[in-house]
Every structure is written in structure tokens, then in C-alpha cells.
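Have a look at final-v3.cif below; it lists mmCIF, C-alpha atoms.
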```cif
data_protein
#
loop_
_atom_site.label_atom_id
_atom_site.label_comp_id
_atom_site.auth_asym_id
_atom_site.auth_seq_id
_atom_site.Cartn_x
_atom_site.Cartn_y
_atom_site.Cartn_z
CA MET A 1 82.82 47.13 48.05
CA GLU A 2 85.02 49.94 46.75
CA ARG A 3 83.06 51.70 44.02
CA ARG A 4 84.82 53.16 41.01
CA ILE A 5 83.85 56.72 40.15
CA LEU A 6 85.11 57.64 36.72
CA VAL A 7 86.03 61.30 36.29
CA ILE A 8 86.24 62.17 32.62
CA ASN A 9 88.05 65.21 31.26
CA PRO A 10 86.39 65.69 27.86
CA ASN A 11 89.44 67.52 26.52
CA ARG A 12 92.74 65.90 25.55
CA ASP A 13 95.05 68.14 27.59
CA ALA A 14 97.06 65.76 29.78
CA ALA A 15 98.13 68.49 32.22
CA CYS A 16 94.49 69.50 32.66
CA THR A 17 93.59 65.85 33.34
CA ALA A 18 96.38 65.64 35.93
CA GLY A 19 95.02 68.74 37.66
CA ILE A 20 91.55 67.23 37.78
CA ALA A 21 92.92 63.98 39.23
CA ALA A 22 94.70 65.96 41.96
CA ALA A 23 91.49 67.86 42.75
CA VAL A 24 89.33 64.75 43.24
CA ARG A 25 91.87 62.39 44.86
CA PRO A 26 91.45 63.86 48.37
CA TYR A 27 87.83 62.66 48.29
CA ASP A 28 88.67 58.95 47.93
CA LEU A 29 86.88 56.98 50.67
CA PRO A 30 89.23 54.01 51.17
CA GLY A 31 87.30 50.76 50.88
CA ARG A 32 84.13 52.56 49.76
CA ALA A 33 84.74 54.76 46.74
CA ARG A 34 87.73 55.57 44.54
CA PHE A 35 88.14 58.19 41.83
CA ASP A 36 89.77 57.30 38.51
CA THR A 37 90.44 60.26 36.22
CA VAL A 38 90.85 59.92 32.47
CA GLY A 39 91.05 62.29 29.52
CA VAL A 40 89.39 61.80 26.16
CA ALA A 41 92.16 61.27 23.57
CA GLU A 42 89.76 62.16 20.72
CA GLY A 43 88.53 65.29 22.52
CA PRO A 44 89.37 68.92 21.68
CA ALA A 45 92.46 70.67 23.08
CA ALA A 46 90.10 72.68 25.27
CA ILE A 47 86.37 73.42 25.22
CA ALA A 48 86.36 77.04 24.15
CA SER A 49 83.99 77.35 21.17
CA TRP A 50 80.49 75.98 20.71
CA GLN A 51 81.97 73.64 18.10
CA ASP A 52 84.36 72.27 20.73
CA TRP A 53 81.42 71.80 23.07
CA TYR A 54 79.37 69.76 20.63
CA GLN A 55 82.29 67.82 19.18
CA ALA A 56 83.45 66.75 22.65
CA VAL A 57 80.27 64.77 23.29
CA PRO A 58 80.42 61.68 21.02
CA PRO A 59 83.88 60.52 22.20
CA LEU A 60 82.89 61.36 25.81
CA VAL A 61 79.80 59.16 25.55
CA ALA A 62 81.80 56.39 23.87
CA LEU A 63 84.34 56.45 26.70
CA ALA A 64 81.61 56.27 29.36
CA GLU A 65 80.01 53.36 27.49
CA ARG A 66 83.20 51.31 27.36
CA GLU A 67 84.49 52.10 30.88
CA PRO A 68 82.41 50.52 33.61
CA ALA A 69 81.93 52.61 36.75
CA GLU A 70 79.40 53.10 39.52
CA ALA A 71 79.13 56.81 38.67
CA TYR A 72 80.58 59.30 36.20
CA VAL A 73 81.73 62.87 36.68
CA VAL A 74 82.00 65.01 33.54
CA ALA A 75 84.89 67.29 34.42
CA CYS A 76 84.31 70.30 32.20
CA VAL A 77 82.69 73.43 33.60
CA SER A 78 80.15 73.81 30.82
CA ASP A 79 78.59 70.36 31.42
CA PRO A 80 78.84 69.07 27.83
CA GLY A 81 76.72 66.08 27.00
CA ILE A 82 75.46 65.31 30.52
CA GLU A 83 72.05 64.27 29.19
CA ALA A 84 73.64 62.03 26.54
CA VAL A 85 75.95 60.32 29.04
CA ARG A 86 72.96 59.73 31.34
CA GLU A 87 71.06 58.20 28.46
CA ALA A 88 73.99 55.96 27.55
CA THR A 89 74.96 54.64 30.99
CA GLY A 90 71.93 54.70 33.29
CA ARG A 91 74.39 55.34 36.16
CA PRO A 92 74.64 58.55 38.17
CA VAL A 93 76.25 61.22 36.00
CA ILE A 94 77.40 64.44 37.65
CA GLY A 95 78.13 67.64 35.74
CA CYS A 96 80.88 69.70 37.37
CA PHE A 97 79.37 73.08 36.63
CA ARG A 98 76.01 72.08 38.02
CA ALA A 99 77.72 70.56 41.09
CA ALA A 100 79.80 73.69 41.62
CA VAL A 101 76.75 75.94 41.49
CA LEU A 102 75.01 73.65 43.98
CA GLY A 103 78.10 73.80 46.19
CA ALA A 104 77.98 77.60 46.02
CA LEU A 105 74.27 77.62 46.89
CA ALA A 106 75.00 75.48 49.97
CA ARG A 107 77.00 78.43 51.27
CA ALA A 108 75.46 81.61 49.85
CA ASP A 109 72.35 82.87 48.07
CA ARG A 110 74.26 84.53 45.23
CA PHE A 111 77.41 83.44 43.45
CA GLY A 112 79.80 84.59 40.76
CA VAL A 113 81.60 82.58 38.08
CA ILE A 114 85.11 83.06 36.69
CA ALA A 115 84.61 81.78 33.14
CA PHE A 116 87.31 80.28 30.90
CA VAL A 117 86.45 82.42 27.84
CA GLU A 118 83.62 84.76 26.81
CA ALA A 119 81.75 81.93 25.06
CA SER A 120 81.71 79.93 28.30
CA LYS A 121 79.41 82.52 29.83
CA GLU A 122 76.53 81.76 27.50
CA ARG A 123 76.97 78.00 27.91
CA GLN A 124 76.99 78.40 31.67
CA ARG A 125 73.96 80.66 31.53
CA ARG A 126 72.08 77.95 29.68
CA VAL A 127 72.92 75.41 32.39
CA LEU A 128 71.76 77.88 35.03
CA LEU A 129 68.51 78.45 33.14
CA SER A 130 67.94 74.69 32.87
CA MET A 131 68.47 74.40 36.64
CA GLY A 132 66.29 77.41 37.38
CA ALA A 133 69.31 78.94 39.16
CA GLU A 134 70.05 81.89 36.90
CA HIS A 135 68.64 84.34 39.46
CA GLY A 136 71.51 83.40 41.81
CA LEU A 137 74.23 84.57 39.43
CA ALA A 138 75.59 87.87 40.72
CA ALA A 139 78.06 88.24 37.85
CA SER A 140 80.36 86.34 35.51
CA GLU A 141 83.90 87.30 34.49
CA ALA A 142 85.81 85.65 31.62
CA LEU A 143 89.60 85.19 31.89
CA ASN A 144 90.19 84.60 28.16
CA LEU A 145 93.51 82.83 28.67
CA GLY A 146 94.62 79.71 26.79
CA MET A 147 94.65 76.37 28.62
CA ALA A 148 98.48 76.34 28.84
CA GLN A 149 98.50 79.79 30.45
CA LEU A 150 95.69 78.84 32.79
CA LEU A 151 97.57 75.76 34.00
CA ASP A 152 100.75 77.73 34.72
CA PRO A 153 101.27 77.95 38.48
CA GLU A 154 101.77 81.75 38.42
CA ILE A 155 100.66 83.41 35.16
CA PRO A 156 96.88 83.56 35.73
CA ARG A 157 96.85 84.37 39.44
CA ALA A 158 96.64 88.14 39.25
CA ALA A 159 93.81 87.91 36.72
CA LEU A 160 92.00 85.28 38.82
CA LEU A 161 92.26 87.44 41.92
CA ALA A 162 91.06 90.56 40.11
CA ALA A 163 88.11 88.64 38.66
CA GLY A 164 87.24 87.14 42.04
CA ARG A 165 87.30 90.56 43.68
CA ARG A 166 85.02 92.03 41.01
CA LEU A 167 82.56 89.16 41.58
CA VAL A 168 82.51 89.78 45.32
CA GLU A 169 81.95 93.50 44.67
CA ALA A 170 79.06 92.55 42.40
CA GLY A 171 77.40 90.73 45.30
CA ALA A 172 78.70 87.17 45.00
CA GLY A 173 78.71 85.36 48.35
CA ALA A 174 80.64 82.50 46.76
CA VAL A 175 82.88 82.24 43.69
CA VAL A 176 82.83 79.32 41.26
CA LEU A 177 86.02 78.52 39.33
CA GLY A 178 84.57 78.17 35.84
CA CYS A 179 87.13 75.83 34.26
CA THR A 180 88.73 72.61 35.49
CA GLY A 181 92.05 74.11 34.38
CA MET A 182 91.75 76.47 37.37
CA ALA A 183 91.82 73.62 39.92
CA GLY A 184 95.45 74.22 40.85
CA HIS A 185 94.67 77.81 41.81
CA HIS A 186 91.85 76.98 44.22
CA ALA A 187 93.89 77.13 47.45
CA PHE A 188 95.49 80.41 46.39
CA LEU A 189 92.18 82.06 45.59
CA GLN A 190 90.42 80.65 48.66
CA GLU A 191 93.18 82.16 50.77
CA ALA A 192 92.96 85.53 49.02
CA LEU A 193 89.18 86.04 48.90
CA ASP A 194 86.93 86.24 51.94
CA VAL A 195 84.08 84.20 50.43
CA PRO A 196 83.93 80.46 49.68
CA VAL A 197 85.66 79.53 46.42
CA ILE A 198 84.15 76.44 44.82
CA GLU A 199 86.38 74.15 42.75
CA PRO A 200 84.10 72.25 40.34
CA CYS A 201 86.03 68.94 40.25
CA ALA A 202 85.83 68.74 44.04
CA ALA A 203 82.16 69.76 43.93
CA GLY A 204 81.49 67.03 41.37
CA ALA A 205 83.46 64.53 43.48
CA VAL A 206 81.35 65.05 46.60
CA GLN A 207 78.10 64.74 44.64
CA ALA A 208 79.42 61.48 43.20
CA LEU A 209 80.16 60.25 46.74
CA LEU A 210 76.60 61.12 47.73
CA ALA A 211 75.35 59.15 44.74
CA VAL A 212 77.29 55.95 45.48
CA ALA A 213 78.75 55.81 49.00
CA MET B 1 95.31 68.21 59.64
CA GLU B 2 92.13 66.28 60.44
CA ARG B 3 89.33 68.82 60.53
CA ARG B 4 86.42 68.38 62.89
CA ILE B 5 82.99 68.77 61.33
CA LEU B 6 80.34 69.09 64.01
CA VAL B 7 76.95 67.65 63.07
CA ILE B 8 74.27 68.99 65.39
CA ASN B 9 70.89 67.37 65.86
CA PRO B 10 68.80 70.28 67.19
CA ASN B 11 66.37 67.88 68.87
CA ARG B 12 67.06 65.90 72.05
CA ASP B 13 66.10 62.45 70.76
CA ALA B 14 69.17 60.28 71.37
CA ALA B 15 68.06 57.58 68.92
CA CYS B 16 67.63 60.23 66.23
CA THR B 17 71.14 61.53 66.98
CA ALA B 18 72.52 57.99 66.69
CA GLY B 19 70.86 57.59 63.30
CA ILE B 20 72.39 60.86 62.10
CA ALA B 21 75.85 59.77 63.32
CA ALA B 22 75.50 56.51 61.38
CA ALA B 23 74.47 58.42 58.25
CA VAL B 24 77.48 60.76 58.23
CA ARG B 25 80.20 58.40 59.51
CA PRO B 26 80.80 56.77 56.10
CA TYR B 27 81.99 60.16 54.84
CA ASP B 28 84.89 60.50 57.26
CA LEU B 29 88.10 61.19 55.31
CA PRO B 30 90.76 59.64 57.58
CA GLY B 31 93.48 62.18 58.31
CA ARG B 32 91.55 64.99 56.60
CA ALA B 33 88.05 65.38 58.04
CA ARG B 34 86.06 63.68 60.78
CA PHE B 35 82.39 64.00 61.69
CA ASP B 36 81.31 64.36 65.32
CA THR B 37 77.57 64.18 65.92
CA VAL B 38 75.88 65.65 68.95
CA GLY B 39 72.29 66.31 70.06
CA VAL B 40 71.05 69.43 71.80
CA ALA B 41 70.00 68.42 75.32
CA GLU B 42 67.89 71.59 75.67
CA GLY B 43 66.22 71.05 72.29
CA PRO B 44 62.65 69.90 71.62
CA ALA B 45 61.73 66.18 71.42
CA ALA B 46 61.29 66.69 67.68
CA ILE B 47 60.84 69.71 65.42
CA ALA B 48 57.21 69.38 64.47
CA SER B 49 55.51 72.71 65.21
CA TRP B 50 56.61 76.24 64.35
CA GLN B 51 57.16 76.77 68.08
CA ASP B 52 59.57 73.82 68.12
CA TRP B 53 61.35 75.31 65.11
CA TYR B 54 61.93 78.68 66.74
CA GLN B 55 62.67 77.35 70.21
CA ALA B 56 65.32 74.98 68.85
CA VAL B 57 67.52 77.84 67.66
CA PRO B 58 68.95 79.52 70.80
CA PRO B 59 70.38 76.28 72.31
CA LEU B 60 71.60 75.22 68.85
CA VAL B 61 73.49 78.50 68.43
CA ALA B 62 74.86 78.23 71.98
CA LEU B 63 76.16 74.74 71.28
CA ALA B 64 77.84 75.84 68.04
CA GLU B 65 79.44 78.75 69.91
CA ARG B 66 80.94 76.59 72.63
CA GLU B 67 82.03 73.66 70.43
CA PRO B 68 84.94 74.51 68.14
CA ALA B 69 84.82 72.96 64.69
CA GLU B 70 85.97 73.70 61.14
CA ALA B 71 82.39 73.47 59.88
CA TYR B 72 78.89 72.81 61.22
CA VAL B 73 76.04 70.77 59.81
CA VAL B 74 72.57 71.51 61.17
CA ALA B 75 70.93 68.09 61.00
CA CYS B 76 67.25 68.92 60.85
CA VAL B 77 65.42 68.91 57.54
CA SER B 78 63.77 72.28 57.99
CA ASP B 79 67.10 74.15 58.37
CA PRO B 80 66.31 75.92 61.67
CA GLY B 81 68.55 78.82 62.55
CA ILE B 82 71.09 78.43 59.74
CA GLU B 83 71.48 82.19 59.41
CA ALA B 84 71.89 82.61 63.17
CA VAL B 85 74.55 79.87 63.41
CA ARG B 86 76.41 81.47 60.49
CA GLU B 87 76.31 84.80 62.26
CA ALA B 88 77.58 83.26 65.49
CA THR B 89 80.46 81.13 64.18
CA GLY B 90 81.76 82.63 60.94
CA ARG B 91 82.59 79.04 59.86
CA PRO B 92 80.89 77.12 57.06
CA VAL B 93 77.40 76.13 58.20
CA ILE B 94 75.46 73.64 56.11
CA GLY B 95 71.70 73.16 56.35
CA CYS B 96 70.64 69.56 55.68
CA PHE B 97 67.46 70.41 53.81
CA ARG B 98 69.22 72.85 51.54
CA ALA B 99 72.03 70.31 50.97
CA ALA B 100 69.54 67.54 50.20
CA VAL B 101 67.70 69.68 47.65
CA LEU B 102 71.05 70.53 46.05
CA GLY B 103 71.91 66.81 46.02
CA ALA B 104 68.61 66.10 44.29
CA LEU B 105 69.24 68.85 41.71
CA ALA B 106 72.63 67.30 40.92
CA ARG B 107 70.70 64.28 39.65
CA ALA B 108 67.34 65.51 38.36
CA ASP B 109 65.50 68.70 37.39
CA ARG B 110 62.50 68.01 39.63
CA PHE B 111 62.34 66.43 43.06
CA GLY B 112 59.82 65.39 45.70
CA VAL B 113 60.03 65.59 49.48
CA ILE B 114 58.70 63.13 52.08
CA ALA B 115 57.97 65.53 54.94
CA PHE B 116 57.91 64.64 58.64
CA VAL B 117 54.54 66.31 59.37
CA GLU B 118 52.18 68.65 57.53
CA ALA B 119 53.75 71.74 59.13
CA SER B 120 57.17 70.70 57.74
CA LYS B 121 55.89 71.34 54.22
CA GLU B 122 55.47 75.06 54.73
CA ARG B 123 58.86 75.39 56.45
CA GLN B 124 60.49 73.51 53.60
CA ARG B 125 58.66 75.63 51.03
CA ARG B 126 60.10 78.74 52.66
CA VAL B 127 63.62 77.34 52.36
CA LEU B 128 62.96 76.51 48.71
CA LEU B 129 61.67 80.04 48.09
CA SER B 130 64.76 81.53 49.76
CA MET B 131 66.95 79.36 47.49
CA GLY B 132 64.90 80.17 44.40
CA ALA B 133 64.37 76.41 43.99
CA GLU B 134 60.64 76.14 44.59
CA HIS B 135 59.95 75.56 40.88
CA GLY B 136 61.82 72.24 41.17
CA LEU B 137 59.43 70.77 43.73
CA ALA B 138 57.23 68.22 41.97
CA ALA B 139 55.29 67.37 45.14
CA SER B 140 55.56 66.96 48.89
CA GLU B 141 54.01 64.19 51.01
CA ALA B 142 53.81 64.30 54.82
CA LEU B 143 54.15 61.06 56.82
CA ASN B 144 52.66 62.46 60.05
CA LEU B 145 54.24 59.81 62.28
CA GLY B 146 55.86 60.47 65.64
CA MET B 147 59.65 60.36 65.95
CA ALA B 148 59.60 57.01 67.79
CA GLN B 149 57.49 55.42 65.05
CA LEU B 150 59.66 56.95 62.35
CA LEU B 151 62.82 55.51 63.94
CA ASP B 152 61.35 51.99 64.15
CA PRO B 153 63.10 49.73 61.64
CA GLU B 154 59.82 48.45 60.16
CA ILE B 155 56.76 50.54 61.12
CA PRO B 156 57.15 53.47 58.67
CA ARG B 157 58.40 51.55 55.64
CA ALA B 158 55.10 50.91 53.89
CA ALA B 159 54.12 54.57 54.31
CA LEU B 160 57.55 55.75 53.12
CA LEU B 161 57.33 53.56 50.04
CA ALA B 162 53.80 54.70 49.22
CA ALA B 163 54.82 58.34 49.62
CA GLY B 164 57.93 57.85 47.47
CA ARG B 165 55.87 56.23 44.72
CA ARG B 166 53.36 59.08 44.73
CA LEU B 167 56.20 61.58 44.40
CA VAL B 168 57.64 59.72 41.41
CA GLU B 169 54.16 59.62 39.84
CA ALA B 170 53.94 63.38 40.39
CA GLY B 171 57.09 63.84 38.30
CA ALA B 172 59.90 63.72 40.88
CA GLY B 173 63.18 62.56 39.34
CA ALA B 174 64.67 62.35 42.85
CA VAL B 175 63.17 61.94 46.32
CA VAL B 176 64.40 63.81 49.41
CA LEU B 177 63.90 62.20 52.82
CA GLY B 178 62.44 65.14 54.71
CA CYS B 179 63.47 64.26 58.26
CA THR B 180 66.77 63.06 59.73
CA GLY B 181 64.73 60.41 61.55
CA MET B 182 64.30 58.71 58.15
CA ALA B 183 68.05 58.11 57.72
CA GLY B 184 67.84 54.44 58.69
CA HIS B 185 65.34 53.82 55.89
CA HIS B 186 67.45 55.29 53.10
CA ALA B 187 68.89 52.00 51.80
CA PHE B 188 65.45 50.36 51.85
CA LEU B 189 63.82 53.18 49.91
CA GLN B 190 66.71 53.57 47.46
CA GLU B 191 66.40 49.87 46.69
CA ALA B 192 62.62 50.08 46.24
CA LEU B 193 62.34 53.24 44.11
CA ASP B 194 63.86 53.69 40.68
CA VAL B 195 64.97 57.29 41.23
CA PRO B 196 67.77 58.66 43.45
CA VAL B 197 66.77 58.93 47.11
CA ILE B 198 68.64 61.69 48.91
CA GLU B 199 69.39 61.31 52.62
CA PRO B 200 69.87 64.83 54.05
CA CYS B 201 72.54 64.00 56.67
CA ALA B 202 74.69 62.44 53.95
CA ALA B 203 73.97 65.37 51.65
CA GLY B 204 75.00 67.77 54.40
CA ALA B 205 78.10 65.72 55.10
CA VAL B 206 79.41 65.92 51.54
CA GLN B 207 78.82 69.68 51.38
CA ALA B 208 80.78 69.99 54.62
CA LEU B 209 83.63 67.99 53.06
CA LEU B 210 83.60 70.35 50.09
CA ALA B 211 83.79 73.28 52.49
CA VAL B 212 86.79 72.02 54.47
CA ALA B 213 88.67 69.16 52.77
#
```
Write the structure described by the file as C-alpha cells, please.
Amino acid sequence: MERRILVINPNRDAACTAGIAAAVRPYDLPGRARFDTVGVAEGPAAIASWQDWYQAVPPLVALAEREPAEAYVVACVSDPGIEAVREATGRPVIGCFRAAVLGALARADRFGVIAFVEASKERQRRVLLSMGAEHGLAASEALNLGMAQLLDPEIPRAALLAAGRRLVEAGAGAVVLGCTGMAGHHAFLQEALDVPVIEPCAAGAVQALLAVA
Amino acid sequence: MERRILVINPNRDAACTAGIAAAVRPYDLPGRARFDTVGVAEGPAAIASWQDWYQAVPPLVALAEREPAEAYVVACVSDPGIEAVREATGRPVIGCFRAAVLGALARADRFGVIAFVEASKERQRRVLLSMGAEHGLAASEALNLGMAQLLDPEIPRAALLAAGRRLVEAGAGAVVLGCTGMAGHHAFLQEALDVPVIEPCAAGAVQALLAVA
């Protein structure tokens, strides 16, 4: 039986959703598991502020409740509402930030995070504290670009590379891309840095495969 | 390009190697990544004692050095020689115990481990300490069966189920199968317990996919 894994972008940015779909599609296991990626029409434009983070959750939970799937991946790198989606569905629910950190820890003892905005750092720190993984964070660097700039194929690359290099200098043995909007830059950054670069949608995808396949 | 991921059973038990191959095969991504599973002919019959654990490493490293692959999975649930294989190959090297713990933490805050023998517990605790994940261990239960008994399709099931239930009672939100020889019992135990049961070969396989695909 081919199991449906629903990947939910909690923001309403269609280009961001398309980038997430492209990042998880390579992990389809034909005949066994298939990724469907959707955005939340009622979600925020991006999850930048704490208000965005909280407001994203009710429509995210509602979407998970009405869309049947064998597992869910919440494709935002501050893991909004994971506990609420778990409560609502009873199915495996994977948070992309958590999965990305776990993917980094499979490869290195210490990791760095390239955060979307300054406020993302504190949200990510709280996830790390809840996982007991905060000690592994070598450093965090915020890009502070808008979603449209981040999704541009060229604009953010110099800043991403500079941030990645600072994280490696700070002791990171792996670098986590801290926003799903960075998915399209993964190959570029992996090529440019000499440590593993973890793309959270892909990291969430493989944990979902482990949960269902 | 289809990337070769080499899964190495550091022990010489052919039936154990066959079980590992069956556990990782479902994660082949046709055209992108393919798992090859091999045993180490010069390895111990099983990795039970500390002497086994240390003696397994030189032939394991030698095999990784002579067998080209895009990534390596060390398929023993006490992660022998991970650091040495990393040093020798420069390619991604995934330890199955580490990967299984990370798979458990993707699903729950606390986990339990069904260990192969008593001595496995201390080896696994050292891996957890090195990962900073020891706080997540709710409990560990050793089966203390021989490899041949463990690989039997029926003999170990009552003991596995009893151990799994004790771990859940102790607060484990996920259960890690602490020996690759338990792979054939994963579906049985996942069906019988009401928490995620993590099979380490599969957990290692998905981390290898994340590293190369």
C-alpha cells in the first residue's frame, strides 16, 4: 500500500510551498510512500513574529484534521503547533526543525543554524531546550531577509554563505538551514561548505519514511 | 546517479546480515540511492563483550576502506568504530544506534532501549552521553539471548514484548530495538505496542538517504 505523507507549509506563500514540494519529492518510495505538499491558505505570509507562530496553529491543525494521511510533516523550521497536531491526529507528526537537528546530530556533535529572522532564534532555542539538545548548538545566525528575497535564486546566496562560514568557524560540524524558504539553496551551500548542510524538509521527509515505510 | 550506500554488519553472522539487508532494502530510491549490505568475515560472531566491540573495529575499517560507497552505515546497535570509519573514509558514516535514538526523538521526548545483553547497556549509555541525549533514556532492558535465538522467528517474541511493555511503563514514548538481530521482529512489536518502535537499520538507512539523496 502506498502511504500518503502530508507535508504542510503553515504559511500561505505558494512559492515557498513549491520549494518544499521539490525538496521532499526525491524521497518518494514508489508503491510504498508518497509525499503530498500543501500550504495553509489561512496561514500567515511567513512565520516571522511570535504572533505569526501562534496564529499559524489553528488553521494548520484544522487542515491536518480534514486531510487524511498516514503521517504529517509540519514544514516550518520553528515547529509551530507540533504538539497540537499530534493531539488532533494521533498519527506520526514530524517537526522539520526537530528532524533537521536530529539529521545534524547523525553527522556531527555540534551544529549551527541559519535562522530566518532574529525572532526565529529564540523559538528554535526553545525547541532545542525541549529536546535537551541545546548544548549541541555551536551558534545561530539570522539572515533577516523577507520570504520573497529568500526564495530568489541568487539574492540570498552571499549572505547564506557568509552565515554558513561563520557557523563553521564557531565550531559547527553541520549546518541547519533554518527556514523552509532556503530549500532551493541547499545544493549551492552544500557545495560551498565543507560540512554537512541539512535541509529541514528533506530531514522531515526521511523521518516520515521511517515512521510509515 | 544512483549512489551506493554500503551497510556493514560488523559481525560475521550471515543470518544477521540477511536480516539487516531486508530491513534497509525498502528504502532504496530507484535511480538515486541503493543499499548494499555486507558482513565482516573477520568480525566476531556477535558483539556482546567489550572485547568483541573493540576487536570488530579494525576489520570494519578495512572493509570500508576497500569498498567504495557514497555513504556507510555501521549496522550494529552499539556504534563500534564510527569515529574510526569517519577518519578512514571522509564520507558520511551513520551509526545505527545514534540514528535510532534520533528517530525516537523525532517522535517522543523519552525513549527506551531493548538491549542485546547487559554489557550493551553501558556501551549504549556511552553513546548517549557523547550525544548529550542520556536524559532522554527512560529505561533500558537487556534480553540476554544468543544471536541464534534472537534471529528465530518465534523464540524471542514473548521476551521482546515483555521488555517493550516495561519500557512503556517506565515512561518511554518510543522503543528502540537495541540489536540489528531484532530487525525481523519490528513489525510484530510495532503491532503489539502502542508507541513507535524504532528499528535501527531502517533508522540508519533514512539518515544515509538524507546524507546522499
Expanded to explicit residues, what is the PyMOL selection byres ((chain A) within 10 of (chain B)) for this file, as a VMD selection string?
chain A and resid 26 to 30 32 86 92 to 110 130 to 136 196 to 200 202 to 211 213
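Taking CA of Asn9 in chain A as the reference point, CA of Val24 in chain A is found at 12.1 Å.
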Output of the PyMOL selection byres ((chain A and resi 147) around 10), listed as JSON, numbers by chain:
{"A": [13, 15, 16, 45, 46, 47, 48, 116, 144, 145, 146, 148, 149, 150, 151, 152, 179, 180, 181, 182]}
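Residue neighbourhood of Val195 in chain A, excluding near-sequence residues (fewer than 5 positions): Val168, Gly173, Ala174, Val175 and Gln190 of chain A, at 8 Å, using all atoms listed in the file.
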Would you translate the PyMOL selection byres ((chain B and resi 72) around 8) into the concrete set of residues it matches in this file, as a count of residues only?
15
Using only C-alpha atoms: which of A:Pro59, A:Pro10, A:Gly31, A:Gly164 has the shortest distance to Asp79 in chain A
A:Pro10
